[in-house]
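Below: query.cif (mmCIF, C-alpha atoms)
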data_final
loop_
_atom_site.label_atom_id
_atom_site.label_comp_id
_atom_site.auth_asym_id
_atom_site.auth_seq_id
_atom_site.Cartn_x
_atom_site.Cartn_y
_atom_site.Cartn_z
CA MET D 1 177.45 120.89 163.90
CA ASN D 2 176.37 118.09 166.25
CA CYS D 3 173.54 115.57 165.68
CA ARG D 4 171.04 117.44 167.84
CA THR D 5 171.48 120.70 165.94
CA ALA D 6 171.59 118.90 162.62
CA ARG D 7 168.28 117.11 163.22
CA GLN D 8 166.58 120.39 163.93
CA LYS D 9 167.78 121.60 160.56
CA LEU D 10 167.20 118.51 158.43
CA SER D 11 163.60 119.29 157.52
CA ASP D 12 164.55 122.76 156.31
CA TYR D 13 167.62 121.29 154.60
CA ALA D 14 165.44 118.88 152.63
CA ALA D 15 163.04 121.68 151.75
CA GLY D 16 165.87 123.90 150.56
CA LEU D 17 165.05 126.51 153.16
CA LEU D 18 168.44 126.79 154.88
CA PRO D 19 170.72 129.78 154.24
CA PRO D 20 173.91 128.83 152.30
CA GLU D 21 176.24 128.74 155.29
CA GLU D 22 173.92 126.54 157.40
CA LYS D 23 173.31 124.35 154.40
CA ARG D 24 177.05 123.85 153.98
CA ARG D 25 177.46 122.95 157.68
CA ALA D 26 174.53 120.54 157.57
CA ARG D 27 175.95 118.86 154.47
CA ALA D 28 179.33 118.50 156.15
CA HIS D 29 177.67 116.83 159.15
CA LEU D 30 175.62 114.50 156.95
CA LEU D 31 178.76 113.29 155.20
CA LYS D 32 180.10 111.86 158.45
CA CYS D 33 176.86 110.84 160.24
CA GLY D 34 174.89 107.81 159.05
CA ALA D 35 172.12 108.25 161.64
CA CYS D 36 171.35 111.78 160.40
CA ARG D 37 171.47 110.57 156.80
CA ARG D 38 168.80 107.99 157.66
CA GLU D 39 166.78 110.74 159.30
CA LEU D 40 167.09 112.85 156.16
CA SER D 41 166.12 109.88 154.06
CA GLU D 42 162.90 109.48 156.09
CA ILE D 43 162.08 113.17 155.67
CA ARG D 44 162.54 112.88 151.90
CA LYS D 45 160.39 109.76 151.84
CA LEU D 46 157.61 111.68 153.60
CA ASP D 47 157.93 114.49 151.04
CA ARG D 48 157.77 112.04 148.14
CA LEU D 49 154.73 110.30 149.61
CA VAL D 50 152.80 113.53 150.12
CA GLU D 51 153.74 114.82 146.67
CA SER D 52 152.73 111.53 145.07
CA GLU D 53 149.22 111.90 146.47
CA GLN D 54 148.16 114.27 143.73
CA ALA D 55 144.53 114.44 142.82
CA SER D 56 144.07 113.76 139.14
CA SER D 57 141.16 114.95 137.10
CA ASN D 58 140.08 114.20 133.56
CA GLU D 59 138.33 115.63 130.52
CA LEU D 60 134.97 115.30 132.28
CA MET D 61 136.18 117.60 135.02
CA THR D 62 137.24 120.21 132.45
CA ARG D 63 133.79 120.03 130.86
CA ARG D 64 132.09 120.37 134.22
CA ILE D 65 134.18 123.40 135.08
CA MET D 66 133.58 125.10 131.73
CA SER D 67 129.88 124.26 131.88
CA ARG D 68 129.68 125.81 135.35
CA VAL D 69 131.63 128.86 134.16
CA ARG D 70 129.21 129.36 131.24
CA GLU D 71 126.12 128.78 133.40
CA THR D 72 127.32 131.34 135.92
CA GLU D 73 128.16 133.80 133.18
CA MET D 74 124.73 133.35 131.58
CA ALA D 75 123.03 133.87 134.95
CA ARG D 76 125.03 137.07 135.48
CA SER D 77 124.19 138.29 131.99
CA LEU D 78 120.50 137.50 132.50
CA SER D 79 120.40 139.32 135.82
CA ARG D 80 122.03 142.35 134.18
CA ARG D 81 119.42 142.26 131.41
CA LEU D 82 116.60 141.85 133.90
CA PHE D 83 117.92 144.80 135.83
CA VAL D 84 118.00 146.97 132.75
CA ALA D 85 114.68 145.62 131.43
CA ALA D 86 112.79 145.89 134.70
CA VAL D 87 114.33 148.46 136.98
CA ILE D 88 114.91 151.22 134.44
CA PRO D 89 111.33 151.16 133.01
CA LEU D 90 109.98 151.00 136.55
CA ALA D 91 112.02 154.06 137.48
CA ALA D 92 110.80 155.83 134.33
CA LEU D 93 107.20 154.91 135.16
CA LEU D 94 107.58 156.21 138.69
CA ALA D 95 109.05 159.46 137.39
CA ILE D 96 106.16 159.88 134.92
CA ALA D 97 103.65 159.04 137.65
CA ALA D 98 105.21 161.62 139.94
CA ILE D 99 104.96 164.28 137.23
CA ALA D 100 101.36 163.27 136.55
CA VAL D 101 100.44 163.44 140.23
CA VAL D 102 101.90 166.93 140.46
CA SER D 103 100.40 168.31 137.26
CA ALA D 104 97.10 166.39 136.92
CA PRO D 105 95.04 168.26 139.54
CA ARG D 106 95.79 171.54 137.85
CA ALA D 107 94.86 170.20 134.40
CA ILE D 108 91.73 168.52 135.73
CA GLY D 109 90.76 171.68 137.59
CA ALA D 110 91.23 173.74 134.46
CA ALA D 111 89.10 171.30 132.47
CA VAL D 112 86.35 171.35 135.06
CA GLU D 113 86.26 175.09 135.17
CA GLY D 114 85.88 175.21 131.40
CA LEU D 115 89.00 177.25 130.86
CA ASN D 116 89.94 174.98 128.00
CA ALA D 117 87.43 175.21 125.20
CA GLY D 118 86.47 172.35 122.83
CA TRP D 119 86.62 168.59 123.46
CA MET D 120 88.89 168.82 126.51
CA GLY D 121 86.51 171.08 128.29
CA ALA D 122 83.60 168.79 127.50
CA MET D 123 85.21 165.76 129.18
CA SER D 124 84.55 164.77 132.78
CA PRO D 125 87.48 164.64 135.24
CA VAL D 126 87.15 160.84 135.42
CA THR D 127 87.56 160.54 131.65
CA ILE D 128 90.60 162.78 131.69
CA ALA D 129 92.15 160.72 134.50
CA LEU D 130 91.52 157.46 132.62
CA LEU D 131 92.99 158.90 129.43
CA SER D 132 96.06 160.11 131.35
CA PHE D 133 96.53 156.65 132.87
CA GLY D 134 96.25 155.01 129.45
CA CYS D 135 98.81 157.36 127.94
CA LEU D 136 101.23 156.74 130.82
CA THR D 137 100.88 152.98 130.48
CA LEU D 138 101.56 153.16 126.74
CA LEU D 139 104.59 155.37 127.36
CA ALA D 140 105.94 152.95 130.00
CA ALA D 141 105.51 150.01 127.62
CA LEU D 142 107.39 151.94 124.93
CA VAL D 143 110.24 152.78 127.33
CA SER D 144 110.40 149.13 128.45
CA PHE D 145 110.59 147.92 124.83
CA VAL D 146 113.35 150.37 123.92
CA THR D 147 115.46 149.66 127.03
CA ASP D 148 115.04 145.90 126.51
CA ARG D 149 116.37 146.27 122.97
CA LEU D 150 119.23 148.37 124.29
CA ALA D 151 120.03 145.76 126.94
CA GLY D 152 120.09 143.13 124.23
CA ILE D 153 122.60 145.15 122.26
CA LEU D 154 124.77 146.00 125.27
CA THR D 155 124.95 142.46 126.69
CA MET B 156 141.42 111.13 126.07
CA SER B 157 144.54 113.20 126.47
CA ILE B 158 144.33 116.37 128.47
CA THR B 159 144.72 118.43 125.34
CA GLY B 160 142.07 116.35 123.61
CA GLY B 161 139.38 118.99 123.98
CA ILE B 162 141.31 121.42 121.81
CA GLU B 163 140.82 120.82 118.13
CA GLU B 164 143.83 120.26 115.97
CA SER B 165 143.15 123.47 114.09
CA ALA B 166 143.32 125.38 117.35
CA MET B 167 146.56 123.80 118.50
CA GLY B 168 148.61 126.77 117.25
CA PRO B 169 149.54 129.32 119.89
CA ILE B 170 147.04 128.14 122.49
CA GLY B 171 148.08 124.52 122.08
CA SER B 172 151.79 125.24 122.35
CA ALA B 173 151.32 127.42 125.45
CA LEU B 174 149.19 124.70 127.03
CA GLN B 175 151.76 122.03 126.13
CA ALA B 176 154.44 124.14 127.81
CA LEU B 177 152.36 124.49 130.99
CA LEU B 178 151.49 120.80 131.09
CA ALA B 179 155.17 119.99 130.67
CA GLY B 180 155.87 121.98 133.82
CA ASP B 181 157.11 125.12 132.10
CA PHE B 182 155.60 127.77 134.34
CA THR B 183 157.63 130.60 132.90
CA ALA B 184 155.79 133.86 132.51
CA GLY B 185 155.81 133.58 128.71
CA ALA B 186 153.83 130.35 128.58
CA GLU B 187 151.25 131.66 131.03
CA GLU B 188 150.99 135.10 129.54
CA ALA B 189 150.12 133.81 126.10
CA LEU B 190 146.98 132.13 127.42
CA VAL B 191 146.13 134.67 130.09
CA ASP B 192 146.24 137.59 127.63
CA ARG B 193 143.80 135.83 125.32
CA ALA B 194 141.56 134.82 128.22
CA ARG B 195 141.50 138.44 129.40
CA ALA B 196 140.44 139.49 125.93
CA GLY B 197 137.44 137.14 126.23
CA ASP B 198 138.79 134.06 124.45
CA ASP B 199 137.02 131.15 126.15
CA ARG B 200 139.24 128.53 124.52
CA SER B 201 142.30 130.07 126.13
CA PHE B 202 140.57 130.09 129.50
CA GLU B 203 139.67 126.44 128.94
CA ALA B 204 143.33 125.72 128.19
CA LEU B 205 144.24 127.35 131.50
CA VAL B 206 141.64 125.18 133.23
CA ARG B 207 143.23 122.07 131.70
CA ALA B 208 146.69 123.20 132.75
CA TYR B 209 145.78 123.98 136.35
CA GLN B 210 142.78 121.87 137.31
CA ASP B 211 144.83 119.00 138.80
CA ARG B 212 146.89 121.34 140.94
CA ILE B 213 143.85 123.30 142.12
CA LEU B 214 142.06 120.03 142.89
CA THR B 215 145.11 118.77 144.81
CA LEU B 216 145.41 122.05 146.71
CA CYS B 217 141.71 122.07 147.67
CA ARG B 218 141.87 118.43 148.70
CA ARG B 219 144.87 119.06 150.92
CA MET B 220 143.16 122.10 152.39
CA THR B 221 139.79 120.46 153.09
CA GLY B 222 140.54 116.74 153.29
CA GLU B 223 137.39 115.99 151.28
CA ALA B 224 137.54 114.75 147.70
CA ASP B 225 133.97 115.74 146.76
CA VAL B 226 134.30 119.15 148.34
CA ALA B 227 137.61 119.69 146.57
CA GLU B 228 135.89 119.13 143.21
CA ASP B 229 133.22 121.71 144.02
CA LEU B 230 135.83 124.18 145.24
CA THR B 231 137.91 123.64 142.09
CA GLN B 232 134.88 124.52 139.97
CA GLU B 233 134.17 127.54 142.13
CA THR B 234 137.80 128.66 141.90
CA PHE B 235 137.68 128.70 138.10
CA VAL B 236 134.28 130.42 138.06
CA ARG B 237 135.72 133.20 140.23
CA ALA B 238 138.85 133.33 138.10
CA TYR B 239 136.77 133.68 134.94
CA GLN B 240 134.76 136.51 136.46
CA ARG B 241 137.89 138.34 137.60
CA VAL B 242 140.40 137.51 134.90
CA THR B 243 139.98 140.91 133.26
CA SER B 244 141.16 142.51 136.51
CA PHE B 245 144.29 140.30 136.63
CA ARG B 246 147.08 142.78 135.97
CA GLY B 247 149.92 140.32 135.54
CA GLU B 248 151.81 141.76 138.50
CA SER B 249 152.28 138.24 139.82
CA ARG B 250 152.24 134.85 138.17
CA PHE B 251 148.80 133.66 137.08
CA SER B 252 149.27 130.43 139.04
CA LYS B 253 149.88 132.36 142.26
CA TRP B 254 146.77 134.46 141.62
CA LEU B 255 144.77 131.30 140.96
CA TYR B 256 146.07 129.58 144.10
CA SER B 257 145.05 132.64 146.13
CA ILE B 258 141.48 132.23 144.90
CA ALA B 259 141.54 128.50 145.69
CA VAL B 260 142.90 129.13 149.18
CA ASN B 261 140.17 131.70 149.84
CA GLN B 262 137.47 129.36 148.55
CA SER B 263 138.77 126.57 150.77
CA ARG B 264 138.98 128.87 153.77
CA MET B 265 135.39 130.00 153.22
CA TRP B 266 134.24 126.40 153.07
CA LEU B 267 136.20 125.45 156.18
CA ARG B 268 134.72 128.36 158.07
CA SER B 269 131.17 127.65 157.06
CA GLU B 270 128.91 127.16 160.01
CA GLY B 271 128.74 123.66 161.37
CA ARG B 272 131.32 122.11 159.08
CA ARG B 273 134.26 122.46 161.41
CA ALA B 274 132.61 120.33 164.08
CA LYS B 275 131.64 117.69 161.54
CA ARG B 276 135.15 117.61 160.18
CA MET B 277 136.72 117.17 163.61
CA GLU B 278 134.48 114.19 164.29
CA THR B 279 135.51 112.39 161.16
CA VAL B 280 139.15 113.39 160.87
CA LYS B 281 140.45 110.98 163.49
CA THR B 282 139.05 107.97 161.72
CA HIS B 283 139.90 109.10 158.18
CA ALA B 284 143.43 107.78 157.96
CA GLU B 285 142.62 104.39 159.48
CA THR B 286 139.50 103.93 157.36
CA ARG B 287 141.22 104.83 154.14
CA ARG B 288 144.21 102.70 154.93
CA ALA B 289 141.94 99.72 155.61
CA ALA B 290 140.10 100.33 152.33
CA SER B 291 143.39 100.65 150.50
CA ASP B 292 144.67 97.40 151.98
CA ALA B 293 141.43 95.64 151.11
CA ASP B 294 141.01 96.54 147.45
CA GLY B 295 144.45 97.72 146.45
CA ALA B 296 143.11 101.18 145.57
CA SER B 297 145.49 104.10 145.87
CA GLU B 298 143.58 106.16 148.40
CA PRO B 299 145.64 109.01 149.80
CA LEU B 300 147.06 108.15 153.19
CA LEU B 301 149.05 111.21 154.10
CA THR B 302 146.70 113.88 152.75
CA PRO B 303 144.10 113.16 155.47
CA LEU B 304 146.81 113.64 158.09
CA LEU B 305 147.13 117.25 156.99
CA MET B 306 143.69 117.82 158.49
CA GLU B 307 145.18 117.16 161.90
CA LEU B 308 147.53 120.12 161.57
CA PRO B 309 146.59 123.67 162.52
CA GLU B 310 145.03 125.50 159.57
CA SER B 311 147.99 127.84 159.07
CA GLN B 312 150.49 124.97 158.86
CA ARG B 313 148.17 122.98 156.60
CA GLU B 314 147.78 125.92 154.20
CA ALA B 315 151.54 126.45 154.05
CA LEU B 316 152.19 122.75 153.45
CA ALA B 317 149.40 122.42 150.86
CA LEU B 318 151.02 125.20 148.83
CA PHE B 319 154.58 124.00 149.52
CA TYR B 320 153.89 120.47 148.27
CA LEU B 321 152.69 121.80 144.94
CA ARG B 322 156.42 122.43 144.46
CA GLU B 323 155.74 125.41 142.28
CA LEU B 324 155.78 128.45 144.53
CA SER B 325 158.74 129.93 146.37
CA VAL B 326 158.47 130.70 150.08
CA ALA B 327 158.07 134.37 149.14
CA GLU B 328 155.15 133.52 146.87
CA ILE B 329 153.53 131.29 149.50
CA ALA B 330 153.89 134.19 151.94
CA ALA B 331 152.18 136.49 149.44
CA VAL B 332 149.30 134.05 148.89
CA LEU B 333 148.79 133.65 152.65
CA ASP B 334 149.46 137.34 153.28
CA VAL B 335 152.03 136.74 156.02
CA PRO B 336 155.80 137.45 156.28
CA GLU B 337 158.23 134.93 154.77
CA GLY B 338 159.63 134.10 158.20
CA THR B 339 156.16 133.05 159.35
CA VAL B 340 155.79 130.71 156.39
CA LYS B 341 159.19 129.16 157.11
CA SER B 342 158.16 128.63 160.71
CA TRP B 343 154.82 127.05 159.69
CA LEU B 344 156.57 124.80 157.19
CA HIS B 345 159.15 123.70 159.77
CA ARG B 346 156.56 122.93 162.43
CA GLY B 347 154.05 121.47 160.00
CA ARG B 348 156.50 119.07 158.40
CA GLY B 349 157.77 117.97 161.81
CA ARG B 350 154.27 117.31 163.04
CA LEU B 351 153.25 115.54 159.84
CA ARG B 352 156.26 113.29 160.17
CA ARG B 353 155.36 112.38 163.74
CA LEU B 354 151.79 111.62 162.70
CA ALA B 355 152.97 109.49 159.78
CA ARG B 356 155.27 107.55 162.09
CA GLU B 357 152.46 106.99 164.61
CA ARG B 358 150.24 105.57 161.86
CA GLY B 359 153.03 103.38 160.56
CA LEU B 360 153.16 105.18 157.22
CA LEU B 361 156.93 105.77 157.29
#

Encoded form (structure tokens):
Amino acid sequence: MNCRTARQKLSDYAAGLLPPEEKRRARAHLLKCGACRRELSEIRKLDRLVESEQASSNELMTRRIMSRVRETEMARSLSRRLFVAAVIPLAALLAIAAIAVVSAPRAIGAAVEGLNAGWMGAMSPVTIALLSFGCLTLLAALVSFVTDRLAGILT
Amino acid sequence: MSITGGIEESAMGPIGSALQALLAGDFTAGAEEALVDRARAGDDRSFEALVRAYQDRILTLCRRMTGEADVAEDLTQETFVRAYQRVTSFRGESRFSKWLYSIAVNQSRMWLRSEGRRAKRMETVKTHAETRRAASDADGASEPLLTPLLMELPESQREALALFYLRELSVAEIAAVLDVPEGTVKSWLHRGRGRLRRLARERGLL
């Protein structure tokens, strides 16, 4: 191996990246060539300098990291709870409202026509609608309370 | 305070000994697995021990990738947040450190690719080395001199060198982190180290 070839290999030699045979040939050349040894020495100096520039942290950094980890985890947990506590009751409310919209006209019509005897038949359509709305609101509140409790248990 | 100071004496048992092994440079699978298994099971103290063991290396990696000390701190935090969120999905098919470095590399890449930052970085990079050297000469502080030079390398070479100089991963593992063939990593390392050496010579650092 001549100097030109050796110098192309020195960086990989220092990094331990040469295959065994090339490593052996490079080593043989280095034994007899002072100029290439100086070159290798400079490469190793560069490696040492870069490696020595290690960032060092401290206990404060650990605390910051763990604090950030816990904050993020709490935020995720809260968003999961909010999802369960808000979206599920809302979906339930919408479902109940849809059922009410479909079935209410028939019930109101029946009441108006006096098909149902007693107190129901005596009520005006407006009263029946208000009562229905009140019942739905109470039901939604109940669903919200139960799902919130469930979310609390799950998370 | 020592780096293990945050762990109470009573908790120094298995977690403490695994952490001591990691801090002493024993990156064998056994030392890592002990902490990772507990962290996966939801033990925060084990995760904290992993943070202590790896925070310097993640910080160093992010600093070499971005060239910015403050940014590197933020990215280190973000790396561990992501790791915490995903640790249950870590299957142990590779070393934990390699998995962690992959997250750090991705975080750094995302930062580097953020809109507008590249241009800002290119404006400041040329004066970084000189400024820091002057500051170092003036107050005797040990500001990094070579790390800023990494910013003058192409991103692929910088990534390969940042991982290589951790002196922990094999070329095959670096290739896996960067998702490229081993030969490509070898080529990036060869070119990157040559270029870094030329830059260091030009700045009178060698």

Which residues match the PyMOL selection byres ((chain D and resi 14) around 10) in the file above, as a PDB file with C-alpha atoms, in the frame of the given file?
ATOM      1  CA  LYS D   9     167.780 121.600 160.560  1.00  0.00           C
ATOM      2  CA  LEU D  10     167.200 118.510 158.430  1.00  0.00           C
ATOM      3  CA  SER D  11     163.600 119.290 157.520  1.00  0.00           C
ATOM      4  CA  ASP D  12     164.550 122.760 156.310  1.00  0.00           C
ATOM      5  CA  TYR D  13     167.620 121.290 154.600  1.00  0.00           C
ATOM      6  CA  ALA D  15     163.040 121.680 151.750  1.00  0.00           C
ATOM      7  CA  GLY D  16     165.870 123.900 150.560  1.00  0.00           C
ATOM      8  CA  LEU D  17     165.050 126.510 153.160  1.00  0.00           C
ATOM      9  CA  LEU D  18     168.440 126.790 154.880  1.00  0.00           C
ATOM     10  CA  LYS D  23     173.310 124.350 154.400  1.00  0.00           C
ATOM     11  CA  LEU D  40     167.090 112.850 156.160  1.00  0.00           C
ATOM     12  CA  SER D  41     166.120 109.880 154.060  1.00  0.00           C
ATOM     13  CA  ILE D  43     162.080 113.170 155.670  1.00  0.00           C
ATOM     14  CA  ARG D  44     162.540 112.880 151.900  1.00  0.00           C
ATOM     15  CA  ASP D  47     157.930 114.490 151.040  1.00  0.00           C
TER      16      ASP D  47
END

Exercise: residues within 12 Å of coordinate (175.4, 109.6, 163.9), counting all atoms listed in the file, as an NGL selection string: :D and (1-7 or 29-40)

field: Explicit residue set for the PyMOL selection byres ((chain B and resi 342) around 12), as a PyMOL selection string
entry: (chain D and resi 9+11-12+17-18) or (chain B and resi 311-312+315-316+326+330+335-341+343-349)

Proximal residues of chain D relative to chain B (all atoms listed in the file; 8 Å) as a list in words: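 Matching residues, ligands excluded from the count: Ser11, Asp12, Leu17, Glu42, Ile43, Lys45, Leu46, Asp47, Leu49, Val50, Glu51, Glu53, Gln54, Ala55, Ser56, Ser57, Asn58, Glu59, Thr62, Arg64, Ile65, Met66, Arg68, Val69, Thr72 and Glu73 of chain D.
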
- request: Mind giving me the straight-line distance from CA of Leu230 in chain B to CA of Leu354 in chain B in Å, one decimal?
  value: 26.8 Å
